[in-house]
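Undergrad: Coordinates in start-v5.cif, mmCIF, C-alpha atoms, are listed below.
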data_entry
loop_
_atom_site.group_PDB
_atom_site.id
_atom_site.type_symbol
_atom_site.label_atom_id
_atom_site.label_comp_id
_atom_site.auth_asym_id
_atom_site.auth_seq_id
_atom_site.Cartn_x
_atom_site.Cartn_y
_atom_site.Cartn_z
ATOM 1 C CA LEU F 1 -84.875 -6.169 47.360
ATOM 2 C CA LYS F 2 -87.857 -5.472 45.191
ATOM 3 C CA GLN F 3 -86.460 -2.302 43.594
ATOM 4 C CA LYS F 4 -83.107 -1.464 41.996
ATOM 5 C CA THR F 5 -82.365 1.231 44.588
ATOM 6 C CA ALA F 6 -82.989 1.504 48.292
ATOM 7 C CA GLU F 7 -82.204 3.896 51.108
ATOM 8 C CA HIS F 8 -82.061 3.168 54.812
ATOM 9 C CA THR F 9 -81.275 5.369 57.806
ATOM 10 C CA VAL F 10 -79.562 3.830 60.839
ATOM 11 C CA THR F 11 -78.915 5.242 64.299
ATOM 12 C CA VAL F 12 -76.089 3.645 66.292
ATOM 13 C CA ASN F 13 -75.821 4.096 70.060
ATOM 14 C CA ALA F 14 -72.123 3.933 70.998
ATOM 15 C CA ASN F 15 -72.937 3.343 74.686
ATOM 16 C CA GLU F 16 -75.025 0.263 73.832
ATOM 17 C CA ILE F 17 -72.203 -1.076 71.647
ATOM 18 C CA ARG F 18 -69.667 -0.454 74.429
ATOM 19 C CA GLU F 19 -71.893 -2.237 76.985
ATOM 20 C CA GLY F 20 -72.356 -5.217 74.664
ATOM 21 C CA LEU F 21 -68.628 -5.466 73.974
ATOM 22 C CA THR F 22 -67.813 -5.242 77.681
ATOM 23 C CA LYS F 23 -70.330 -7.993 78.487
ATOM 24 C CA PHE F 24 -68.907 -10.217 75.730
ATOM 25 C CA LEU F 25 -65.311 -9.646 76.863
ATOM 26 C CA ASP F 26 -66.223 -10.282 80.535
ATOM 27 C CA GLU F 27 -67.874 -13.602 79.609
ATOM 28 C CA ALA F 28 -64.926 -14.601 77.412
ATOM 29 C CA ALA F 29 -62.507 -13.750 80.245
ATOM 30 C CA ARG F 30 -64.455 -15.972 82.667
ATOM 31 C CA GLU F 31 -64.387 -18.884 80.236
ATOM 32 C CA THR F 32 -60.648 -18.605 79.560
ATOM 33 C CA ASP F 33 -59.401 -17.226 82.892
ATOM 34 C CA ALA F 34 -57.960 -14.278 80.964
ATOM 35 C CA PRO F 35 -57.203 -11.120 82.958
ATOM 36 C CA ARG F 36 -59.981 -8.532 82.955
ATOM 37 C CA GLY F 37 -57.789 -5.425 82.840
ATOM 38 C CA GLU F 38 -58.976 -2.061 81.655
ATOM 39 C CA ARG F 39 -60.410 -2.017 78.145
ATOM 40 C CA PRO F 40 -60.144 1.265 76.268
ATOM 41 C CA LEU F 41 -63.309 1.145 74.169
ATOM 42 C CA ALA F 42 -63.211 4.653 72.694
ATOM 43 C CA LEU F 43 -65.144 3.500 69.619
ATOM 44 C CA LYS F 44 -63.571 6.101 67.327
ATOM 45 C CA ASN F 45 -63.317 5.975 63.530
ATOM 46 C CA LEU F 46 -66.167 3.467 63.259
ATOM 47 C CA LYS F 47 -67.572 2.323 59.938
ATOM 48 C CA LEU F 48 -70.834 0.659 59.011
ATOM 49 C CA VAL F 49 -70.691 -2.071 56.374
ATOM 50 C CA ALA F 50 -73.807 -3.369 54.625
ATOM 51 C CA PHE F 51 -74.061 -6.397 52.352
ATOM 52 C CA ILE F 52 -76.738 -7.382 49.847
ATOM 53 C CA GLN F 53 -76.859 -11.176 49.829
ATOM 54 C CA HIS F 54 -78.792 -13.527 47.551
ATOM 55 C CA ASP F 55 -81.170 -15.535 49.755
ATOM 56 C CA SER F 56 -80.852 -18.797 47.816
ATOM 57 C CA THR F 57 -77.169 -18.908 46.902
ATOM 58 C CA GLY F 58 -75.617 -16.874 49.714
ATOM 59 C CA ASP F 59 -73.655 -14.881 47.122
ATOM 60 C CA ILE F 60 -72.797 -11.297 48.067
ATOM 61 C CA LEU F 61 -74.285 -9.163 45.305
ATOM 62 C CA ASN F 62 -73.141 -5.756 46.538
ATOM 63 C CA ALA F 63 -71.674 -4.042 49.570
ATOM 64 C CA ALA F 64 -71.220 -0.520 50.888
ATOM 65 C CA GLN F 65 -69.167 1.096 53.646
ATOM 66 C CA VAL F 66 -69.809 4.450 55.334
ATOM 67 C CA ASP F 67 -68.095 6.322 58.157
ATOM 68 C CA LEU F 68 -70.178 6.754 61.309
ATOM 69 C CA VAL F 69 -70.433 10.404 62.323
ATOM 70 C CA ALA F 70 -70.980 11.480 65.942
ATOM 71 C CA LYS F 71 -73.863 13.869 66.556
#
With the file now loaded, output its structure as structure tokens.
TA:
Amino acid sequence: LKQKTAEHTVTVNANEIREGLTKFLDEAARETDAPRGERPLALKNLKLVAFIQHDSTGDILNAAQVDLVAK
């Protein structure tokens, strides 16, 4: 970061997240022969977590958590 403060707006598409999770779980089930039963992916009470990390050291300098609100 070049300034002491920053602001960023993010839009999250729950359907895209659900599709990605389903794809990941399907692939994992194929690799482990796990049953594929129904997966309730309601995606409720989600939070977004952001970290500020030092590029050279990898140290976490700050973090924030916010609730995701459905529109």
Undergrad: Would you please work out which residue, of F:Leu68, F:Asp26, F:Asp55, F:Ile60, is nearest to Thr9 in chain F when using all atoms listed in the file?
TA: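 Checking each of F:Leu68, F:Asp26, F:Asp55, F:Ile60 against Thr9 in chain F, counting all atoms listed in the file, the winner is F:Leu68.
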Undergrad: Taking the file as I've supplied it (selection: the PyMOL selection byres ((chain F and resi 46-54) around 10)), which residues are included? Please answer as a list of chain:residue names.
TA: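 Listing what the PyMOL selection byres ((chain F and resi 46-54) around 10) selects in the shown file: F:Leu1, F:Val10, F:Val12, F:Ala14, F:Ala42, F:Leu43, F:Lys44, F:Asn45, F:Asp55, F:Ser56, F:Thr57, F:Gly58, F:Asp59, F:Ile60, F:Leu61, F:Asn62, F:Ala63, F:Ala64, F:Gln65, F:Val66, F:Asp67, F:Leu68, F:Val69, F:Ala70.
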Undergrad: Could you work out how far CA of Glu7 in chain F lies from CA of Glu19 in chain F, giving the answer in Å with one decimal?
TA: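 Pair CA of Glu19 in chain F / CA of Glu7 in chain F returns 28.5 Å.
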Undergrad: Name the residues within 12 Å of (-69.4, -3.2, 76.1), counting all atoms listed in the file in the file's coordinates, and put them as a list in words.
TA: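 Nearby residues: Asn13, Ala14, Asn15, Glu16, Ile17, Arg18, Glu19, Gly20, Leu21, Thr22, Lys23, Phe24, Leu25, Asp26, Glu27, Glu38, Arg39, Pro40, Leu41, Ala42 and Leu43 of chain F.
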Undergrad: Could those residues be written to a file, using C-alpha atoms, as a PDB file, in the frame of the given file?
TA:
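To be explicit, this is the file written out as again.pdb:
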ATOM      1  CA  ASN F  13     -75.821   4.096  70.060  1.00  0.00           C
ATOM      2  CA  ALA F  14     -72.123   3.933  70.998  1.00  0.00           C
ATOM      3  CA  ASN F  15     -72.937   3.343  74.686  1.00  0.00           C
ATOM      4  CA  GLU F  16     -75.025   0.263  73.832  1.00  0.00           C
ATOM      5  CA  ILE F  17     -72.203  -1.076  71.647  1.00  0.00           C
ATOM      6  CA  ARG F  18     -69.667  -0.454  74.429  1.00  0.00           C
ATOM      7  CA  GLU F  19     -71.893  -2.237  76.985  1.00  0.00           C
ATOM      8  CA  GLY F  20     -72.356  -5.217  74.664  1.00  0.00           C
ATOM      9  CA  LEU F  21     -68.628  -5.466  73.974  1.00  0.00           C
ATOM     10  CA  THR F  22     -67.813  -5.242  77.681  1.00  0.00           C
ATOM     11  CA  LYS F  23     -70.330  -7.993  78.487  1.00  0.00           C
ATOM     12  CA  PHE F  24     -68.907 -10.217  75.730  1.00  0.00           C
ATOM     13  CA  LEU F  25     -65.311  -9.646  76.863  1.00  0.00           C
ATOM     14  CA  ASP F  26     -66.223 -10.282  80.535  1.00  0.00           C
ATOM     15  CA  GLU F  27     -67.874 -13.602  79.609  1.00  0.00           C
ATOM     16  CA  GLU F  38     -58.976  -2.061  81.655  1.00  0.00           C
ATOM     17  CA  ARG F  39     -60.410  -2.017  78.145  1.00  0.00           C
ATOM     18  CA  PRO F  40     -60.144   1.265  76.268  1.00  0.00           C
ATOM     19  CA  LEU F  41     -63.309   1.145  74.169  1.00  0.00           C
ATOM     20  CA  ALA F  42     -63.211   4.653  72.694  1.00  0.00           C
ATOM     21  CA  LEU F  43     -65.144   3.500  69.619  1.00  0.00           C
TER      22      LEU F  43
END
Undergrad: Step by step, gather every atom of range 2-10 of chain F that the file lists, find the box along x, y and z that holds them, add 6 Å on each side, and finally give centre and edge lengths in Å to one decimal, as JSON.
TA:
{"center_x": -83.7, "center_y": -0.1, "center_z": 51.4, "size_x": 20.3, "size_y": 22.8, "size_z": 30.8}
